[in-house]
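Engineer: mmCIF, C-alpha atoms, file protein_30.cif:
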```
data_upload
loop_
_atom_site.group_PDB
_atom_site.id
_atom_site.type_symbol
_atom_site.label_atom_id
_atom_site.label_comp_id
_atom_site.auth_asym_id
_atom_site.auth_seq_id
_atom_site.Cartn_x
_atom_site.Cartn_y
_atom_site.Cartn_z
ATOM 1 C CA MET Z 15 6.422 8.946 -24.617
ATOM 2 C CA THR Z 16 3.333 6.853 -23.825
ATOM 3 C CA SER Z 17 0.572 7.706 -26.293
ATOM 4 C CA TYR Z 18 -2.741 6.062 -27.188
ATOM 5 C CA ASN Z 19 -5.466 7.178 -29.596
ATOM 6 C CA SER Z 20 -8.046 7.427 -26.818
ATOM 7 C CA ASP Z 21 -8.550 6.771 -23.127
ATOM 8 C CA VAL Z 22 -10.461 3.595 -24.085
ATOM 9 C CA ASP Z 23 -7.375 2.286 -25.932
ATOM 10 C CA ALA Z 24 -5.222 3.218 -22.937
ATOM 11 C CA ALA Z 25 -7.603 1.384 -20.579
ATOM 12 C CA LYS Z 26 -7.411 -1.750 -22.771
ATOM 13 C CA ALA Z 27 -3.603 -1.450 -22.832
ATOM 14 C CA LEU Z 28 -3.581 -1.282 -19.014
ATOM 15 C CA VAL Z 29 -5.506 -4.578 -18.783
ATOM 16 C CA GLN Z 30 -2.885 -6.252 -21.007
ATOM 17 C CA LYS Z 31 -0.009 -4.707 -19.036
ATOM 18 C CA TYR Z 32 -1.610 -5.891 -15.808
ATOM 19 C CA LYS Z 33 -1.793 -9.474 -17.164
ATOM 20 C CA ASP Z 34 1.880 -9.268 -18.194
ATOM 21 C CA LEU Z 35 2.838 -7.964 -14.743
ATOM 22 C CA ARG Z 36 0.957 -10.789 -13.042
ATOM 23 C CA SER Z 37 2.570 -13.472 -15.204
ATOM 24 C CA GLU Z 38 6.092 -12.084 -14.594
ATOM 25 C CA ILE Z 39 5.520 -11.746 -10.831
ATOM 26 C CA SER Z 40 4.161 -15.318 -10.665
ATOM 27 C CA LYS Z 41 7.508 -16.607 -11.970
ATOM 28 C CA VAL Z 42 8.986 -15.640 -8.595
ATOM 29 C CA ILE Z 43 6.047 -15.407 -6.167
ATOM 30 C CA VAL Z 44 3.792 -18.440 -5.732
ATOM 31 C CA GLY Z 45 0.197 -17.632 -4.727
ATOM 32 C CA GLN Z 46 -0.583 -14.414 -2.764
ATOM 33 C CA ASP Z 47 -2.855 -13.380 -5.678
ATOM 34 C CA GLU Z 48 -4.998 -10.977 -3.700
ATOM 35 C CA VAL Z 49 -2.007 -9.278 -2.076
ATOM 36 C CA ILE Z 50 -0.319 -8.786 -5.475
ATOM 37 C CA HIS Z 51 -3.570 -7.495 -7.024
ATOM 38 C CA ASN Z 52 -4.106 -4.982 -4.204
ATOM 39 C CA THR Z 53 -0.448 -3.877 -4.195
ATOM 40 C CA LEU Z 54 -0.688 -3.078 -7.921
ATOM 41 C CA ILE Z 55 -3.980 -1.222 -7.317
ATOM 42 C CA ALA Z 56 -2.195 0.878 -4.674
ATOM 43 C CA ILE Z 57 0.684 1.707 -7.065
ATOM 44 C CA PHE Z 58 -1.689 2.797 -9.861
ATOM 45 C CA SER Z 59 -3.773 4.742 -7.304
ATOM 46 C CA LYS Z 60 -0.717 6.562 -5.842
ATOM 47 C CA GLY Z 61 -1.306 4.905 -2.462
ATOM 48 C CA HIS Z 62 0.957 3.189 0.069
ATOM 49 C CA VAL Z 63 0.568 -0.272 1.599
ATOM 50 C CA LEU Z 64 1.013 -1.706 5.087
ATOM 51 C CA LEU Z 65 1.723 -5.452 4.912
ATOM 52 C CA VAL Z 66 1.114 -7.523 8.027
ATOM 53 C CA GLY Z 67 2.416 -11.067 8.187
ATOM 54 C CA VAL Z 68 4.649 -13.407 10.167
ATOM 55 C CA PRO Z 69 8.329 -13.712 9.110
ATOM 56 C CA GLY Z 70 9.204 -15.853 6.087
ATOM 57 C CA LEU Z 71 6.151 -15.158 3.906
ATOM 58 C CA ALA Z 72 8.248 -13.497 1.136
ATOM 59 C CA LYS Z 73 7.216 -9.909 1.912
ATOM 60 C CA THR Z 74 10.653 -8.582 0.926
ATOM 61 C CA LEU Z 75 10.805 -10.794 -2.165
ATOM 62 C CA LEU Z 76 7.356 -9.567 -3.220
ATOM 63 C CA VAL Z 77 8.382 -5.907 -3.081
ATOM 64 C CA ASN Z 78 11.699 -6.605 -4.780
ATOM 65 C CA THR Z 79 9.960 -8.488 -7.609
ATOM 66 C CA ILE Z 80 7.319 -5.785 -8.117
ATOM 67 C CA GLY Z 81 10.128 -3.194 -8.264
ATOM 68 C CA LYS Z 82 11.897 -5.232 -10.965
ATOM 69 C CA VAL Z 83 8.866 -5.813 -13.226
ATOM 70 C CA LEU Z 84 7.902 -2.135 -12.973
ATOM 71 C CA GLY Z 85 11.453 -1.039 -13.841
ATOM 72 C CA LEU Z 86 11.697 1.088 -10.693
ATOM 73 C CA SER Z 87 14.524 1.778 -8.274
ATOM 74 C CA TYR Z 88 14.089 0.003 -4.963
ATOM 75 C CA ASN Z 89 15.530 0.421 -1.460
ATOM 76 C CA ARG Z 90 14.981 -1.617 1.665
ATOM 77 C CA ILE Z 91 15.222 0.041 5.072
ATOM 78 C CA GLN Z 92 15.419 -2.287 8.071
ATOM 79 C CA PHE Z 93 13.798 -0.422 10.965
ATOM 80 C CA THR Z 94 15.524 -0.886 14.310
ATOM 81 C CA PRO Z 95 15.183 0.879 17.688
ATOM 82 C CA ASP Z 96 18.379 2.915 17.112
ATOM 83 C CA LEU Z 97 17.491 4.137 13.584
ATOM 84 C CA MET Z 98 17.560 7.946 13.294
ATOM 85 C CA PRO Z 99 15.539 10.132 10.875
ATOM 86 C CA SER Z 100 18.797 11.105 9.091
ATOM 87 C CA ASP Z 101 19.435 7.392 8.397
ATOM 88 C CA ILE Z 102 16.316 7.453 6.219
ATOM 89 C CA ILE Z 103 16.154 10.886 4.622
ATOM 90 C CA GLY Z 104 19.870 11.717 4.440
ATOM 91 C CA THR Z 105 22.173 14.183 6.104
ATOM 92 C CA GLU Z 106 24.403 17.189 5.431
ATOM 93 C CA ILE Z 107 28.180 16.862 5.592
ATOM 94 C CA LEU Z 108 31.051 19.308 5.147
ATOM 95 C CA ASP Z 109 32.892 18.621 1.895
ATOM 96 C CA GLU Z 110 36.551 19.411 1.039
ATOM 97 C CA THR Z 111 35.676 23.031 0.165
ATOM 98 C CA ARG Z 112 34.159 23.537 3.623
ATOM 99 C CA LYS Z 113 30.651 23.772 2.114
ATOM 100 C CA PHE Z 114 27.646 21.771 3.273
ATOM 101 C CA LYS Z 115 26.681 19.010 0.901
ATOM 102 C CA PHE Z 116 23.503 16.904 1.159
ATOM 103 C CA ILE Z 117 23.996 13.134 1.053
ATOM 104 C CA ARG Z 118 20.728 11.450 0.051
ATOM 105 C CA GLY Z 119 19.296 8.733 2.242
ATOM 106 C CA PRO Z 120 17.641 5.495 1.088
ATOM 107 C CA VAL Z 121 14.218 7.204 0.847
ATOM 108 C CA PHE Z 122 15.329 8.567 -2.547
ATOM 109 C CA ALA Z 123 14.028 5.635 -4.615
ATOM 110 C CA ASN Z 124 10.732 4.793 -6.338
ATOM 111 C CA ILE Z 125 9.824 1.879 -4.086
ATOM 112 C CA ILE Z 126 10.730 1.806 -0.399
ATOM 113 C CA LEU Z 127 10.358 -1.328 1.673
ATOM 114 C CA ALA Z 128 10.081 -0.157 5.273
ATOM 115 C CA ASP Z 129 10.756 -3.448 7.022
ATOM 116 C CA GLU Z 130 9.183 -3.806 10.492
ATOM 117 C CA ILE Z 131 8.202 -0.144 10.723
ATOM 118 C CA ASN Z 132 6.868 -0.682 14.264
ATOM 119 C CA ARG Z 133 10.386 -1.497 15.561
ATOM 120 C CA THR Z 134 11.588 2.121 15.371
ATOM 121 C CA PRO Z 135 10.746 5.127 17.613
ATOM 122 C CA PRO Z 136 7.978 7.579 16.579
ATOM 123 C CA LYS Z 137 10.471 10.296 15.541
ATOM 124 C CA THR Z 138 11.935 8.043 12.823
ATOM 125 C CA GLN Z 139 8.516 6.713 11.796
ATOM 126 C CA ALA Z 140 7.347 10.307 11.377
ATOM 127 C CA ALA Z 141 10.270 11.128 9.037
ATOM 128 C CA LEU Z 142 9.170 8.402 6.628
ATOM 129 C CA LEU Z 143 5.476 9.182 6.972
ATOM 130 C CA GLU Z 144 6.110 12.858 6.193
ATOM 131 C CA ALA Z 145 7.924 11.826 3.016
ATOM 132 C CA MET Z 146 4.954 9.592 2.089
ATOM 133 C CA GLN Z 147 2.496 12.425 2.525
ATOM 134 C CA GLU Z 148 4.405 15.365 1.079
ATOM 135 C CA LYS Z 149 6.524 13.515 -1.558
ATOM 136 C CA ASN Z 150 9.438 15.713 -0.493
ATOM 137 C CA ILE Z 151 11.719 16.158 2.516
ATOM 138 C CA THR Z 152 13.238 19.196 4.169
ATOM 139 C CA VAL Z 153 16.789 19.170 5.537
ATOM 140 C CA ALA Z 154 18.404 22.321 6.970
ATOM 141 C CA GLY Z 155 15.748 24.522 5.349
ATOM 142 C CA GLN Z 156 16.296 23.003 1.881
ATOM 143 C CA THR Z 157 13.440 21.073 0.250
ATOM 144 C CA HIS Z 158 14.342 18.013 -1.816
ATOM 145 C CA ARG Z 159 11.757 16.398 -4.125
ATOM 146 C CA LEU Z 160 11.450 12.617 -4.032
ATOM 147 C CA GLN Z 161 11.455 10.557 -7.222
ATOM 148 C CA GLU Z 162 8.084 9.915 -8.861
ATOM 149 C CA PRO Z 163 6.418 7.462 -8.750
ATOM 150 C CA PHE Z 164 6.995 7.063 -5.019
ATOM 151 C CA PHE Z 165 5.544 4.093 -3.205
ATOM 152 C CA VAL Z 166 6.091 2.882 0.368
ATOM 153 C CA LEU Z 167 5.428 -0.690 1.382
ATOM 154 C CA ALA Z 168 5.789 -1.019 5.140
ATOM 155 C CA THR Z 169 5.761 -4.381 6.891
ATOM 156 C CA GLN Z 170 4.730 -5.300 10.407
ATOM 157 C CA ASN Z 171 5.173 -8.557 12.225
ATOM 158 C CA PRO Z 172 1.952 -9.371 14.183
ATOM 159 C CA ILE Z 173 3.820 -11.500 16.744
ATOM 160 C CA GLU Z 174 6.569 -10.369 19.169
ATOM 161 C CA GLN Z 175 5.064 -7.044 20.171
ATOM 162 C CA GLU Z 176 7.534 -6.411 23.028
ATOM 163 C CA GLY Z 177 9.762 -3.426 22.392
ATOM 164 C CA THR Z 178 7.725 -2.160 19.443
ATOM 165 C CA TYR Z 179 6.208 1.265 18.751
ATOM 166 C CA PRO Z 180 2.735 0.736 17.207
ATOM 167 C CA LEU Z 181 1.836 3.302 14.542
ATOM 168 C CA PRO Z 182 -0.716 5.856 15.807
ATOM 169 C CA GLU Z 183 -4.127 5.948 14.058
ATOM 170 C CA ALA Z 184 -3.322 9.262 12.312
ATOM 171 C CA GLN Z 185 -0.226 7.703 10.738
ATOM 172 C CA LEU Z 186 -1.968 4.446 9.837
ATOM 173 C CA ASP Z 187 -4.472 6.590 7.903
ATOM 174 C CA ARG Z 188 -1.724 7.486 5.404
ATOM 175 C CA PHE Z 189 -1.632 3.923 4.115
ATOM 176 C CA MET Z 190 -4.200 3.190 1.428
ATOM 177 C CA PHE Z 191 -4.339 -0.543 2.194
ATOM 178 C CA ASN Z 192 -3.634 -2.777 5.157
ATOM 179 C CA LEU Z 193 -2.978 -6.214 3.638
ATOM 180 C CA TRP Z 194 -2.697 -9.435 5.650
ATOM 181 C CA LEU Z 195 -0.397 -12.135 4.293
ATOM 182 C CA ASP Z 196 -1.456 -15.651 5.065
ATOM 183 C CA TYR Z 197 0.475 -18.911 5.061
ATOM 184 C CA PRO Z 198 0.570 -20.555 1.614
ATOM 185 C CA SER Z 199 -1.675 -23.551 0.916
ATOM 186 C CA PHE Z 200 -0.093 -27.031 1.028
ATOM 187 C CA GLU Z 201 0.254 -27.188 -2.795
ATOM 188 C CA GLU Z 202 1.658 -23.640 -2.973
ATOM 189 C CA GLU Z 203 4.219 -24.418 -0.286
ATOM 190 C CA ILE Z 204 5.381 -27.512 -2.222
ATOM 191 C CA ASN Z 205 5.863 -25.271 -5.295
ATOM 192 C CA VAL Z 206 7.759 -22.703 -3.233
ATOM 193 C CA VAL Z 207 10.110 -25.357 -1.853
ATOM 194 C CA LYS Z 208 10.663 -26.899 -5.323
ATOM 195 C CA ASN Z 209 11.404 -23.507 -6.895
ATOM 196 C CA THR Z 210 13.718 -22.249 -4.164
ATOM 197 C CA THR Z 211 15.840 -25.318 -3.471
ATOM 198 C CA ALA Z 212 16.844 -26.276 -7.020
ATOM 199 C CA GLY Z 213 19.289 -23.408 -7.556
ATOM 200 C CA ASN Z 214 17.713 -22.117 -10.793
ATOM 201 C CA GLU Z 215 16.515 -18.615 -10.003
ATOM 202 C CA LEU Z 216 13.952 -17.185 -12.415
ATOM 203 C CA GLN Z 217 14.463 -13.530 -13.298
ATOM 204 C CA PRO Z 218 11.280 -11.587 -14.115
ATOM 205 C CA LYS Z 219 11.288 -9.268 -17.152
ATOM 206 C CA VAL Z 220 10.636 -5.521 -16.947
ATOM 207 C CA VAL Z 221 7.065 -4.847 -18.150
ATOM 208 C CA MET Z 222 6.729 -1.098 -17.524
ATOM 209 C CA ASP Z 223 8.726 2.013 -16.734
ATOM 210 C CA ALA Z 224 8.221 5.036 -14.490
ATOM 211 C CA GLU Z 225 6.744 7.153 -17.318
ATOM 212 C CA GLU Z 226 4.104 4.537 -18.166
ATOM 213 C CA ILE Z 227 3.179 4.116 -14.506
ATOM 214 C CA HIS Z 228 2.715 7.878 -14.212
ATOM 215 C CA PHE Z 229 0.527 7.837 -17.351
ATOM 216 C CA PHE Z 230 -1.704 5.054 -15.999
ATOM 217 C CA GLN Z 231 -1.939 6.793 -12.600
ATOM 218 C CA GLN Z 232 -3.395 9.815 -14.432
ATOM 219 C CA LEU Z 233 -5.730 7.506 -16.387
ATOM 220 C CA VAL Z 234 -7.122 5.985 -13.169
ATOM 221 C CA ARG Z 235 -8.015 9.493 -11.924
ATOM 222 C CA LYS Z 236 -9.948 10.194 -15.165
ATOM 223 C CA VAL Z 237 -12.309 7.213 -14.815
ATOM 224 C CA PRO Z 238 -15.939 8.458 -14.534
ATOM 225 C CA VAL Z 239 -17.879 7.355 -11.436
ATOM 226 C CA PRO Z 240 -21.691 7.129 -11.272
ATOM 227 C CA ASP Z 241 -23.388 9.059 -8.450
ATOM 228 C CA ASN Z 242 -24.755 5.907 -6.800
ATOM 229 C CA VAL Z 243 -21.170 4.630 -6.367
ATOM 230 C CA PHE Z 244 -20.107 7.913 -4.705
ATOM 231 C CA ASP Z 245 -23.163 7.619 -2.412
ATOM 232 C CA TYR Z 246 -22.316 4.018 -1.541
ATOM 233 C CA ALA Z 247 -18.631 4.733 -0.760
ATOM 234 C CA VAL Z 248 -19.314 7.793 1.419
ATOM 235 C CA SER Z 249 -22.238 6.078 3.127
ATOM 236 C CA LEU Z 250 -20.027 3.034 3.891
ATOM 237 C CA ALA Z 251 -17.374 5.257 5.509
ATOM 238 C CA SER Z 252 -20.111 7.164 7.423
ATOM 239 C CA LYS Z 253 -21.535 3.903 8.788
ATOM 240 C CA THR Z 254 -18.255 3.281 10.653
ATOM 241 C CA ARG Z 255 -18.506 6.460 12.760
ATOM 242 C CA PRO Z 256 -20.129 5.725 16.142
ATOM 243 C CA ASN Z 257 -22.868 7.986 17.529
ATOM 244 C CA THR Z 258 -23.427 9.842 14.246
ATOM 245 C CA ALA Z 259 -26.633 10.072 12.212
ATOM 246 C CA ARG Z 260 -25.635 7.335 9.742
ATOM 247 C CA ALA Z 261 -23.915 4.966 12.181
ATOM 248 C CA HIS Z 262 -24.759 1.263 11.872
ATOM 249 C CA GLU Z 263 -26.101 -0.459 15.016
ATOM 250 C CA TRP Z 264 -22.940 -2.628 15.159
ATOM 251 C CA THR Z 265 -20.847 0.530 14.964
ATOM 252 C CA ASN Z 266 -22.387 1.991 18.106
ATOM 253 C CA LYS Z 267 -22.014 -1.359 19.829
ATOM 254 C CA TYR Z 268 -18.487 -2.439 18.777
ATOM 255 C CA ILE Z 269 -16.518 0.538 17.416
ATOM 256 C CA SER Z 270 -14.877 3.313 19.409
ATOM 257 C CA TRP Z 271 -13.459 5.226 16.424
ATOM 258 C CA GLY Z 272 -14.486 5.249 12.741
ATOM 259 C CA ALA Z 273 -12.919 5.971 9.348
ATOM 260 C CA GLY Z 274 -12.331 9.561 8.183
ATOM 261 C CA PRO Z 275 -12.919 11.175 4.767
ATOM 262 C CA ARG Z 276 -9.628 9.753 3.451
ATOM 263 C CA ALA Z 277 -11.286 6.326 3.548
ATOM 264 C CA SER Z 278 -14.063 7.579 1.233
ATOM 265 C CA GLN Z 279 -11.474 9.001 -1.187
ATOM 266 C CA TYR Z 280 -9.508 5.742 -1.280
ATOM 267 C CA LEU Z 281 -12.707 3.680 -1.696
ATOM 268 C CA ILE Z 282 -13.470 5.626 -4.878
ATOM 269 C CA VAL Z 283 -9.906 5.672 -6.285
ATOM 270 C CA GLY Z 284 -9.447 1.985 -5.427
ATOM 271 C CA ALA Z 285 -12.790 1.121 -7.067
ATOM 272 C CA LYS Z 286 -11.790 3.054 -10.224
ATOM 273 C CA CYS Z 287 -8.522 1.135 -10.469
ATOM 274 C CA ASN Z 288 -10.124 -2.234 -9.676
ATOM 275 C CA ALA Z 289 -12.686 -1.619 -12.441
ATOM 276 C CA LEU Z 290 -9.970 -0.709 -14.992
ATOM 277 C CA LEU Z 291 -7.845 -3.761 -14.172
ATOM 278 C CA ASN Z 292 -10.939 -5.933 -14.688
ATOM 279 C CA GLY Z 293 -11.611 -4.422 -18.129
ATOM 280 C CA LYS Z 294 -14.468 -2.102 -17.084
ATOM 281 C CA PHE Z 295 -14.565 1.594 -17.965
ATOM 282 C CA SER Z 296 -16.471 2.689 -14.870
ATOM 283 C CA PRO Z 297 -16.685 1.277 -11.318
ATOM 284 C CA ASP Z 298 -19.832 -0.145 -9.738
ATOM 285 C CA ILE Z 299 -20.701 -0.955 -6.126
ATOM 286 C CA GLU Z 300 -18.998 -4.377 -6.402
ATOM 287 C CA ASP Z 301 -15.676 -2.586 -7.090
ATOM 288 C CA VAL Z 302 -16.069 -0.557 -3.883
ATOM 289 C CA LYS Z 303 -16.806 -3.762 -1.949
ATOM 290 C CA ALA Z 304 -13.720 -5.406 -3.492
ATOM 291 C CA VAL Z 305 -11.361 -2.838 -1.926
ATOM 292 C CA ALA Z 306 -13.347 -2.040 1.241
ATOM 293 C CA LEU Z 307 -11.768 -4.521 3.682
ATOM 294 C CA PRO Z 308 -8.070 -3.524 3.253
ATOM 295 C CA ILE Z 309 -9.054 0.181 3.195
ATOM 296 C CA LEU Z 310 -11.218 0.123 6.342
ATOM 297 C CA ARG Z 311 -9.366 -2.523 8.381
ATOM 298 C CA HIS Z 312 -6.775 -0.126 9.879
ATOM 299 C CA ARG Z 313 -9.047 2.937 10.078
ATOM 300 C CA ILE Z 314 -11.533 1.509 12.558
ATOM 301 C CA VAL Z 315 -10.803 0.967 16.231
ATOM 302 C CA ARG Z 316 -12.741 -1.789 18.017
ATOM 303 C CA ASN Z 317 -13.914 -1.197 21.587
ATOM 304 C CA TYR Z 318 -13.610 -3.508 24.610
ATOM 305 C CA THR Z 319 -17.016 -5.097 23.951
ATOM 306 C CA ALA Z 320 -15.896 -6.278 20.494
ATOM 307 C CA GLU Z 321 -12.658 -7.684 21.915
ATOM 308 C CA ALA Z 322 -14.446 -9.375 24.828
ATOM 309 C CA GLU Z 323 -17.010 -10.973 22.493
ATOM 310 C CA GLY Z 324 -14.329 -11.977 19.997
ATOM 311 C CA ILE Z 325 -15.866 -9.887 17.182
ATOM 312 C CA SER Z 326 -13.103 -9.453 14.597
ATOM 313 C CA MET Z 327 -12.556 -6.374 12.421
ATOM 314 C CA GLU Z 328 -13.308 -8.493 9.337
ATOM 315 C CA LYS Z 329 -16.666 -9.548 10.806
ATOM 316 C CA ILE Z 330 -17.626 -5.925 11.584
ATOM 317 C CA ILE Z 331 -16.690 -4.738 8.076
ATOM 318 C CA SER Z 332 -18.545 -7.584 6.338
ATOM 319 C CA LYS Z 333 -21.614 -6.694 8.463
ATOM 320 C CA LEU Z 334 -21.357 -3.045 7.300
ATOM 321 C CA LEU Z 335 -21.075 -4.219 3.661
#
```
Would it be possible to restate this file's structure as structure tokens?

Structural biologist:
Amino acid sequence: MTSYNSDVDAAKALVQKYKDLRSEISKVIVGQDEVIHNTLIAIFSKGHVLLVGVPGLAKTLLVNTIGKVLGLSYNRIQFTPDLMPSDIIGTEILDETRKFKFIRGPVFANIILADEINRTPPKTQAALLEAMQEKNITVAGQTHRLQEPFFVLATQNPIEQEGTYPLPEAQLDRFMFNLWLDYPSFEEEINVVKNTTAGNELQPKVVMDAEEIHFFQQLVRKVPVPDNVFDYAVSLASKTRPNTARAHEWTNKYISWGAGPRASQYLIVGAKCNALLNGKFSPDIEDVKAVALPILRHRIVRNYTAEAEGISMEKIISKLL
């Protein structure tokens, strides 16, 4: 059982654990510091992540490695146009005694990598997104609880959009973060090639277990937040809503749809976790700003004017900040 003398001791222990996690992950993954940092924030905040990046940027390896260092079970689901909901959540079969028996699908694991989630029809997407939201699934009237902690990392490929089924805004809202993976720098790519072509695979050590993760998830929720930080987070989300009292001038000009209250909740939880991981016992406005871009990026819809003028989502969000 995880036990510390006080919440302050537990917070200090989390900082050390976080450093250990980062050093183990860096044995396998070169660079991608911000993506790793934000993915760990999402896990400790009980959120899910949507990763967007071209093929070959080690998205699968990243999830696999994080699963290993956290001591969690991990399943990868490759989304294809013919994938059915039962392929994800499981199905009932008749056993030898002529009774129905439930065979669990791959969703019954702590970490799920939903690879290319936009390649599968909405019915199958919805099955996974329901599991993300409810943390349980219902088959033939029977409810089955999913394992805790439960974390979905879905990937999307920004190129080749033919034959894909983009996630609707309401379903995108269920992801805490939308993280963009970039190409590695020249030096990082040299390191990647050296590490992966020599035949000596480094195995990361397990740093945590499910019970500890659950403990630290509870700790993140307990972090006190000053009123000015609540005001800032809610005001930031309000600024994104066009034609409302608090809308920013850029919002009315470039945005057709703004972020809902879930954005405000995630801004606060994300700020709490970011503060803890940086050794602070309470978040400030800088912590909200640190998590704002990946939280707001997929919750705001640009209008035609923004697209015509080449105003990117990142530019709009940095203007609001």

Engineer: Using only C-alpha atoms, find each residue of stretch 118-162 of chain Z with at least one atom at most 10 Å away from an atom of stretch 53-65 of chain Z; report its shortest atom-to-atom pair and that distance in Å (one decimal), sort the rows by chain and rising residue number, and return the result as a tab-separated table.

Structural biologist:
```
residue	atom	partner	partner_atom	distance
Z:Ile125	CA	Z:Ile57	CA	9.6
Z:Ile126	CA	Z:His62	CA	9.9
Z:Leu127	CA	Z:Val63	CA	9.8
Z:Ala128	CA	Z:Leu64	CA	9.2
Z:Asp129	CA	Z:Leu65	CA	9.5
Z:Glu130	CA	Z:Leu65	CA	9.5
Z:Ile131	CA	Z:Leu64	CA	9.3
Z:Met146	CA	Z:His62	CA	7.8
Z:Gln147	CA	Z:His62	CA	9.7
Z:Glu162	CA	Z:Lys60	CA	9.9
```

Engineer: So which one's closest to Z:Thr79, Z:Ile330, Z:Ile107, Z:Leu310, Z:Ile43? Using all atoms listed in the file, please.

Structural biologist: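 Ranking Z:Ile330, Z:Ile107, Z:Leu310, Z:Ile43 by distance to Z:Thr79, first place goes to Z:Ile43.
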
Engineer: If the PyMOL selection byres ((chain Z and resi 209-216) around 10) is run on the structure shown, which residues does it catch, given as a PyMOL selection string?

Structural biologist: chain Z and resi 38+41-44+203-208+217-219

Engineer: Spell out the residues picked by the PyMOL selection byres ((chain Z and resi 331) around 12) here, as a ChimeraX atom specification.

Structural biologist: /Z:250-251,253-254,262,264-265,268-269,272-273,303-316,325-330,332-335

Engineer: Distance atom CA of Z:Glu106-atom CA of Z:Pro182, one decimal place?

Structural biologist: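 Separating atom CA of Z:Glu106 from atom CA of Z:Pro182 is a distance of 29.4 Å.
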